[in-house]
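File shown: run.txt (compact mmCIF, C-alpha atoms).
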```
# COMPACT_ATOMS: atom_id res chain seq x y z
CA MET A 1 178.39 -41.57 -23.07
CA THR A 2 177.21 -39.36 -20.26
CA GLU A 3 174.22 -37.09 -20.56
CA GLY A 4 175.30 -34.68 -17.89
CA SER A 5 177.16 -31.66 -19.05
CA THR A 6 177.83 -28.37 -17.34
CA LYS A 7 178.30 -26.80 -20.76
CA ARG A 8 174.95 -25.60 -22.01
CA SER A 9 174.58 -23.89 -25.33
CA LEU A 10 172.97 -20.47 -25.24
CA PRO A 11 169.99 -19.88 -27.48
CA ALA A 12 171.14 -18.90 -30.94
CA LEU A 13 171.43 -15.17 -31.55
CA SER A 14 168.79 -15.43 -34.28
CA GLY A 15 166.37 -16.94 -31.75
CA LEU A 16 167.00 -14.13 -29.27
CA VAL A 17 166.52 -11.45 -31.95
CA ALA A 18 163.35 -13.17 -33.21
CA GLY A 19 161.95 -13.51 -29.68
CA GLY A 20 162.76 -9.87 -28.97
CA LEU A 21 160.95 -8.76 -32.13
CA VAL A 22 157.87 -10.81 -31.20
CA ILE A 23 157.71 -9.29 -27.69
CA LEU A 24 158.35 -5.79 -29.07
CA GLY A 25 155.74 -6.27 -31.80
CA VAL A 26 153.07 -7.42 -29.34
CA ALA A 27 153.89 -4.53 -26.99
CA LEU A 28 153.71 -2.00 -29.85
CA PHE A 29 150.43 -3.58 -30.98
CA MET A 30 148.94 -3.26 -27.51
CA PHE A 31 150.20 0.18 -26.51
CA VAL A 32 151.16 2.15 -29.62
CA HIS A 33 149.50 1.16 -32.89
CA LYS A 34 147.77 -2.03 -34.01
CA GLY A 35 149.54 -1.96 -37.37
CA LEU A 36 152.89 -2.45 -35.64
CA LEU A 37 151.95 -6.10 -35.06
CA VAL A 38 153.88 -6.58 -38.29
CA VAL A 39 157.06 -6.34 -36.16
CA ALA A 40 155.99 -9.54 -34.36
CA GLY A 41 155.40 -11.10 -37.77
CA LEU A 42 158.99 -10.31 -38.73
CA GLY A 43 160.20 -12.08 -35.59
CA THR A 44 157.92 -15.08 -36.11
CA PHE A 45 158.44 -15.72 -39.81
CA GLY A 46 161.58 -13.73 -40.65
CA PRO A 47 164.25 -16.23 -39.52
CA GLY A 48 162.53 -19.09 -41.36
CA ILE A 49 162.29 -17.08 -44.58
CA LEU A 50 165.97 -16.12 -44.32
CA ARG A 51 166.91 -19.78 -43.74
CA GLU A 52 164.95 -20.93 -46.78
CA LEU A 53 166.64 -18.25 -48.87
CA GLY A 54 169.98 -19.56 -47.65
CA TRP A 55 170.94 -16.28 -45.95
CA LEU A 56 170.84 -17.65 -42.41
CA ASN A 57 172.58 -20.87 -41.51
CA ASP A 58 172.08 -21.39 -37.78
CA GLN A 59 170.43 -24.82 -37.63
CA ASP A 60 171.79 -28.34 -37.92
CA GLU A 61 170.11 -31.08 -39.98
CA PHE A 62 167.85 -32.29 -37.15
CA GLN A 63 166.56 -28.78 -36.46
CA ARG A 64 165.97 -28.20 -40.19
CA GLU A 65 164.05 -31.46 -40.49
CA ALA A 66 161.96 -30.61 -37.40
CA ALA A 67 161.21 -27.15 -38.84
CA HIS A 68 160.18 -28.58 -42.23
CA ARG A 69 157.99 -31.22 -40.58
CA ALA A 70 156.33 -28.67 -38.29
CA GLY A 71 155.82 -26.38 -41.27
CA TYR A 72 154.05 -29.15 -43.19
CA HIS A 73 151.82 -29.90 -40.19
CA ALA A 74 151.02 -26.20 -39.86
CA TYR A 75 150.18 -26.09 -43.59
CA LEU A 76 147.78 -29.04 -43.22
CA VAL A 77 146.03 -27.76 -40.09
CA GLY A 78 146.12 -24.06 -40.99
CA GLY A 79 144.95 -24.73 -44.55
CA PHE A 80 142.11 -26.96 -43.40
CA VAL A 81 140.91 -24.47 -40.77
CA ALA A 82 141.16 -21.61 -43.31
CA LEU A 83 139.01 -23.58 -45.75
CA LEU A 84 136.42 -24.34 -43.04
CA VAL A 85 136.28 -20.69 -42.00
CA TYR A 86 135.92 -19.54 -45.62
CA ALA A 87 133.13 -22.05 -46.28
CA ALA A 88 131.33 -21.16 -43.04
CA LEU A 89 131.48 -17.44 -43.80
CA GLU A 90 130.20 -18.06 -47.33
CA VAL A 91 127.30 -20.23 -46.15
CA TRP A 92 126.29 -18.34 -42.98
CA GLU A 93 127.35 -14.87 -44.05
CA ALA A 94 124.26 -13.30 -42.50
CA GLN A 95 124.54 -15.08 -39.14
CA LEU A 96 128.31 -14.97 -38.62
CA GLN A 97 129.73 -11.54 -38.02
CA ALA A 98 132.70 -10.71 -40.21
CA SER A 99 135.61 -10.06 -37.89
CA SER A 100 139.41 -10.05 -37.91
CA GLU A 101 139.09 -12.76 -35.23
CA TRP A 102 138.47 -15.26 -38.02
CA VAL A 103 141.92 -14.54 -39.42
CA LEU A 104 143.31 -14.78 -35.90
CA LEU A 105 141.63 -18.18 -35.54
CA VAL A 106 143.45 -19.45 -38.64
CA LEU A 107 146.75 -18.02 -37.34
CA VAL A 108 146.23 -19.64 -33.93
CA ALA A 109 145.50 -23.02 -35.58
CA LEU A 110 148.58 -22.71 -37.76
CA TRP A 111 150.80 -21.60 -34.87
CA LEU A 112 149.53 -24.26 -32.44
CA ALA A 113 150.13 -26.99 -35.05
CA TRP A 114 153.66 -25.72 -35.69
CA LEU A 115 154.44 -25.41 -31.95
CA PHE A 116 153.02 -28.80 -31.01
CA SER A 117 154.78 -30.57 -33.89
CA SER A 118 158.10 -28.95 -32.98
CA LEU A 119 157.78 -29.87 -29.30
CA MET A 120 156.84 -33.45 -30.17
CA LYS A 121 159.89 -33.80 -32.40
CA PHE A 122 162.29 -32.33 -29.85
CA TRP A 123 160.84 -33.72 -26.62
CA GLY A 124 158.58 -36.65 -27.46
CA ALA A 125 154.95 -37.11 -26.34
CA ARG A 126 155.40 -37.48 -22.58
CA ARG A 127 157.53 -34.41 -21.97
CA THR A 128 155.47 -32.33 -24.40
CA ALA A 129 152.20 -33.28 -22.71
CA SER A 130 153.70 -32.75 -19.27
CA THR A 131 154.97 -29.27 -20.23
CA VAL A 132 151.65 -28.31 -21.85
CA LEU A 133 149.84 -29.32 -18.65
CA LEU A 134 152.27 -27.42 -16.41
CA VAL A 135 151.92 -24.28 -18.54
CA PHE A 136 148.14 -24.72 -18.67
CA GLY A 137 147.88 -25.21 -14.88
CA SER A 138 150.20 -22.28 -14.20
CA PHE A 139 148.21 -19.91 -16.44
CA TRP A 140 144.99 -21.03 -14.79
CA ALA A 141 146.53 -20.53 -11.33
CA VAL A 142 147.75 -17.02 -12.18
CA PHE A 143 144.33 -16.17 -13.64
CA ALA A 144 142.54 -17.51 -10.54
CA ILE A 145 144.86 -15.71 -8.10
CA ALA A 146 144.53 -12.45 -10.07
CA THR A 147 140.74 -12.76 -9.93
CA ILE A 148 140.82 -13.37 -6.16
CA ILE A 149 143.13 -10.37 -5.62
CA THR A 150 140.99 -8.03 -7.73
CA GLU A 151 137.85 -9.13 -5.89
CA ALA A 152 139.49 -9.11 -2.46
CA GLY A 153 137.80 -5.88 -1.40
CA SER A 154 134.32 -6.99 -2.35
CA VAL A 155 134.23 -10.44 -0.71
CA ASP A 156 134.77 -11.51 2.90
CA ALA A 157 137.65 -13.66 4.12
CA GLY A 158 135.60 -16.87 4.09
CA ASP A 159 134.62 -16.43 0.46
CA ALA A 160 138.23 -15.60 -0.45
CA ILE A 161 139.46 -18.83 1.17
CA LEU A 162 136.74 -20.79 -0.62
CA GLY A 163 137.85 -19.14 -3.88
CA VAL A 164 141.46 -20.21 -3.32
CA LEU A 165 140.38 -23.77 -2.52
CA ALA A 166 138.15 -23.90 -5.61
CA SER A 167 141.05 -22.66 -7.76
CA LEU A 168 143.35 -25.29 -6.29
CA GLY A 169 140.68 -27.88 -7.04
CA ILE A 170 140.81 -26.93 -10.72
CA VAL A 171 144.57 -26.34 -11.02
CA GLY A 172 145.66 -29.33 -8.94
CA PRO A 173 144.50 -32.02 -11.38
CA PHE A 174 146.49 -30.41 -14.21
CA PHE A 175 149.71 -30.59 -12.18
CA LEU A 176 148.81 -34.15 -11.20
CA LEU A 177 148.25 -35.06 -14.88
CA ALA A 178 151.62 -33.46 -15.75
CA TRP A 179 153.19 -35.94 -13.34
CA THR A 180 151.21 -38.97 -14.53
CA ALA A 181 151.93 -38.14 -18.22
CA HIS A 182 155.44 -39.58 -17.71
CA ARG A 183 154.32 -42.65 -15.81
CA MET A 184 150.91 -43.57 -17.20
CA PRO A 185 150.64 -42.08 -20.70
CA ARG A 186 147.60 -44.07 -21.78
CA VAL A 187 145.49 -43.31 -18.70
CA THR A 188 146.56 -39.66 -18.80
CA GLY A 189 145.74 -39.48 -22.51
CA ILE A 190 142.21 -40.75 -21.92
CA LEU A 191 141.69 -38.32 -19.02
CA LEU A 192 142.89 -35.42 -21.17
CA LEU A 193 140.41 -36.31 -23.91
CA VAL A 194 137.64 -36.46 -21.28
CA VAL A 195 138.67 -33.01 -19.97
CA SER A 196 138.67 -31.72 -23.58
CA VAL A 197 135.11 -32.97 -24.12
CA VAL A 198 134.03 -31.31 -20.84
CA PHE A 199 135.57 -28.04 -22.04
CA VAL A 200 133.81 -28.36 -25.41
CA MET A 201 130.51 -28.71 -23.56
CA ALA A 202 131.34 -25.77 -21.28
CA PHE A 203 132.50 -23.43 -24.06
CA LYS A 204 130.00 -24.41 -26.75
CA PRO A 205 129.83 -21.98 -29.70
CA GLY A 206 126.53 -20.16 -29.99
CA ALA A 207 125.50 -20.95 -26.40
CA GLY A 208 126.22 -17.52 -24.92
CA THR A 209 126.26 -13.96 -26.12
CA GLN A 210 129.82 -14.21 -27.44
CA ARG A 211 130.49 -14.14 -31.17
CA TRP A 212 131.24 -17.49 -32.76
CA SER A 213 134.73 -16.37 -33.68
CA THR A 214 135.51 -15.40 -30.05
CA THR A 215 134.22 -18.71 -28.69
CA LEU A 216 136.09 -20.73 -31.30
CA LEU A 217 139.29 -18.83 -30.51
CA THR A 218 138.84 -19.62 -26.80
CA ASP A 219 138.14 -23.25 -27.69
CA ALA A 220 141.25 -23.45 -29.86
CA LEU A 221 143.51 -22.03 -27.14
CA LEU A 222 141.95 -24.04 -24.29
CA ILE A 223 141.03 -27.35 -25.84
CA VAL A 224 143.42 -28.02 -28.72
CA PRO A 225 146.59 -28.26 -26.57
CA LEU A 226 144.86 -30.64 -24.14
CA ALA A 227 143.26 -32.80 -26.84
CA ALA A 228 146.48 -32.92 -28.89
CA SER A 229 148.45 -33.92 -25.76
CA GLY A 230 145.89 -36.62 -25.02
CA ILE A 231 146.05 -38.07 -28.53
CA ALA A 232 149.86 -37.96 -28.51
CA LEU A 233 149.99 -39.78 -25.17
CA LEU A 234 147.53 -42.43 -26.34
CA ARG A 235 149.63 -42.97 -29.46
CA GLU A 236 152.80 -43.13 -27.35
CA GLY A 237 151.11 -45.60 -24.98
CA ALA A 238 150.12 -47.79 -27.93
CA VAL A 239 153.60 -47.67 -29.53
CA GLY A 240 155.70 -47.58 -26.37
CA GLY A 241 154.06 -50.42 -24.49
CA GLN A 242 152.09 -50.72 -21.27
CA ASP A 243 151.48 -48.10 -18.66
CA MET A 244 153.38 -48.63 -15.44
CA MET B 1 189.56 -43.09 -25.58
CA LEU B 2 185.88 -42.09 -25.48
CA ASP B 3 185.33 -42.72 -21.77
CA GLY B 4 183.69 -39.71 -20.15
CA MET B 5 182.74 -38.14 -23.47
CA THR B 6 179.57 -36.14 -23.04
CA GLN B 7 176.81 -35.64 -25.58
CA GLN B 8 177.96 -32.04 -25.88
CA ASP B 9 181.55 -33.16 -26.64
CA LEU B 10 180.32 -35.48 -29.38
CA ALA B 11 177.96 -32.81 -30.73
CA ASP B 12 180.84 -30.33 -30.92
CA ARG B 13 183.05 -32.82 -32.75
CA VAL B 14 180.52 -33.54 -35.48
CA GLY B 15 179.09 -30.01 -35.67
CA VAL B 16 175.52 -30.48 -34.44
CA THR B 17 173.59 -29.59 -31.29
CA ARG B 18 173.38 -31.79 -28.19
CA GLN B 19 169.64 -32.11 -28.88
CA THR B 20 170.46 -33.83 -32.17
CA ILE B 21 172.74 -36.37 -30.48
CA LEU B 22 170.08 -37.00 -27.84
CA SER B 23 167.38 -37.51 -30.50
CA ILE B 24 169.57 -39.97 -32.42
CA GLU B 25 170.28 -41.92 -29.22
CA ARG B 26 166.57 -42.10 -28.39
CA GLY B 27 165.64 -43.19 -31.90
CA ARG B 28 163.61 -40.08 -32.65
CA TYR B 29 165.84 -39.01 -35.52
CA ASN B 30 167.62 -40.87 -38.31
CA PRO B 31 170.77 -38.93 -39.18
CA SER B 32 171.85 -38.20 -42.74
CA VAL B 33 174.47 -40.47 -44.29
CA GLY B 34 177.03 -37.69 -43.87
CA LEU B 35 176.38 -37.29 -40.14
CA ALA B 36 176.30 -41.08 -39.62
CA LEU B 37 179.73 -41.34 -41.26
CA LEU B 38 181.09 -38.53 -39.11
CA LEU B 39 179.82 -40.26 -35.95
CA ALA B 40 181.38 -43.53 -37.07
CA GLU B 41 184.65 -41.72 -37.67
CA VAL B 42 184.63 -40.27 -34.13
CA PHE B 43 184.06 -43.72 -32.61
CA ASP B 44 186.47 -45.31 -35.10
CA VAL B 45 184.03 -48.06 -36.03
CA PRO B 46 182.18 -48.97 -39.26
CA VAL B 47 178.90 -47.10 -39.61
CA GLU B 48 176.86 -50.33 -39.44
CA VAL B 49 178.13 -50.88 -35.90
CA LEU B 50 176.41 -47.69 -34.80
CA PHE B 51 173.24 -47.98 -36.87
CA GLU B 52 171.04 -50.86 -37.93
CA ILE B 53 167.83 -51.11 -39.92
CA ASP B 54 164.62 -50.95 -37.89
CA ARG B 55 162.19 -52.57 -40.33
CA GLU B 56 159.17 -52.13 -38.05
CA ASN B 57 159.53 -48.36 -37.78
CA SER B 58 161.36 -47.68 -41.04
CA HIS B 59 158.59 -45.27 -42.16
CA ASP B 60 159.71 -42.82 -39.44
```
Can the structure from this file be put into structure tokens for me?
Amino acid sequence: MTEGSTKRSLPALSGLVAGGLVILGVALFMFVHKGLLVVAGLGTFGPGILRELGWLNDQDEFQREAAHRAGYHAYLVGGFVALLVYAALEVWEAQLQASSEWVLLVLVALWLAWLFSSLMKFWGARRTASTVLLVFGSFWAVFAIATIITEAGSVDAGDAILGVLASLGIVGPFFLLAWTAHRMPRVTGILLLVVSVVFVMAFKPGAGTQRWSTTLLTDALLIVPLAASGIALLREGAVGGQDM
Amino acid sequence: MLDGMTQQDLADRVGVTRQTILSIERGRYNPSVGLALLLAEVFDVPVEVLFEIDRENSHD
């Protein structure tokens, strides 16, 4: 059977509507009223609820199994993080500032677990890790370029060039790791875990003036995707044989 | 008869997505009995010709 096909299925209508609601909800949250974030919640959880009620039948058996598996993983990770946060707030109530960021931290943990599990099921470890690294590198590149542009007036040309080179020095390895993830999963997995540890040291909670919740949120968004990709690649390397 | 059949053609015939066919081919997904029988029907072979037990990874 051939893999190539010019016929590509469009995203399901439910996916487009859900995605539209998420974007709309986030925009309303940012520019109109914070309470309207509930619109994004409808887009995120609405289709799944309708499917479980049997009112939406837009997935085949593989997609349903992937969704149930990802949901269970999200339950395990989200539940565990929620319990840790609750215990920490109970024990260090005086030191830790109560903030809605703690709830956001639980949501981020839950969402990352769901996303990563889904990608792993659909794409496998190598492609998932490679995509995570490409997205990570791209975000970092955009962030670095935006910083250089906004500071362009206040620094001279030499400093600007140095800034670009420094950014490339940080972004480059992520694109390189995206490439090696396919060819050398075990080596790439180890390197990703090393990078994760470096990030943990760099963004250590309690080290700066930031609240713990803010630092932990940053850690979750920066480190978890890299560490999870590293572990997945190591597992793939162990199951799938030797690196090339 | 099946020469030149694409994954999308097969997916359309058994009512699943191309991603599902791809995942079955790569061993990432074990289809239900119903889907396995439908696939066997398309290829006009007994189901055990298409699928065999993988005892090492049967927990997946």
### Query
Could you write out as a PyMOL selection string the residues of chain B within 12 Å of chain A, counting all atoms listed in the file?
chain B and resi 1-12+14-36+43+56-57+60
### Length of the CA of Thr215 in chain A to CA of Leu84 in chain A vector [Å]
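Distance between the two atoms: 15.6 Å.
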### Message
So that I can see what lies close to Phe139 in chain A, please list as a ChimeraX atom specification the residues with an atom at most 12 Å from it, counting all atoms listed in the file and leaving out residues fewer than 5 positions away in the same chain.
### Response
/A:132-134,144-146,167,170-171,174-175,221-222
### Task
Enter the distance from CA of Ala227 in chain A to CA of His182 in chain A, in Å, rounded to one decimal.
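Going from CA of Ala227 in chain A over to CA of His182 in chain A covers 16.7 Å.
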### Message
Between CA of Gly54 in chain A and CA of Gly41 in chain A, what is the distance in Å, rounded to a tenth?
### Response
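Separating CA of Gly54 in chain A from CA of Gly41 in chain A is a distance of 19.5 Å.
Every protein, DNA or RNA residue with an atom at most 9 Å from Val224 in chain A, where only C-alpha atoms count and chain neighbours fewer than 3 positions away do not, is listed here: A:Ala109, A:Leu112, A:Ser196, A:Asp219, A:Ala220, A:Leu221, A:Ala227, A:Ala228, A:Ser229.
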### Task
Dig up all the protein and nucleic acid residues within 9 Å of (153.9, -11.4, -34.4) in the file frame, using all atoms listed in the file, and format them as a list in words.
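Here the neighbourhood of the point contains Leu21, Val22, Ile23, Leu24, Gly25, Val26, Leu37, Val38, Val39, Ala40, Gly41, Leu42, Gly43, Thr44 and Phe45 of chain A.
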### Message
Show me, as a list in words, the residues that have an atom within 10 Å of Leu216 in chain A when counting only C-alpha atoms, minus same-chain residues fewer than 4 positions from it.
### Response
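Listed by chain and then number, they are Glu101, Trp102, Leu105, Val200, Phe203, Lys204, Pro205, Gly206, Gln210, Arg211, Trp212, Ala220, Leu221, Leu222 and Ile223 of chain A.
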Please report, as JSON, the centre and edge lengths in Å to one decimal of an axis-aligned box covering all listed atoms of range 223-238 of chain A with 3 Å per side.
```
{"center_x": 146.9, "center_y": -37.6, "center_z": -26.8, "size_x": 17.8, "size_y": 26.4, "size_z": 11.3}
```
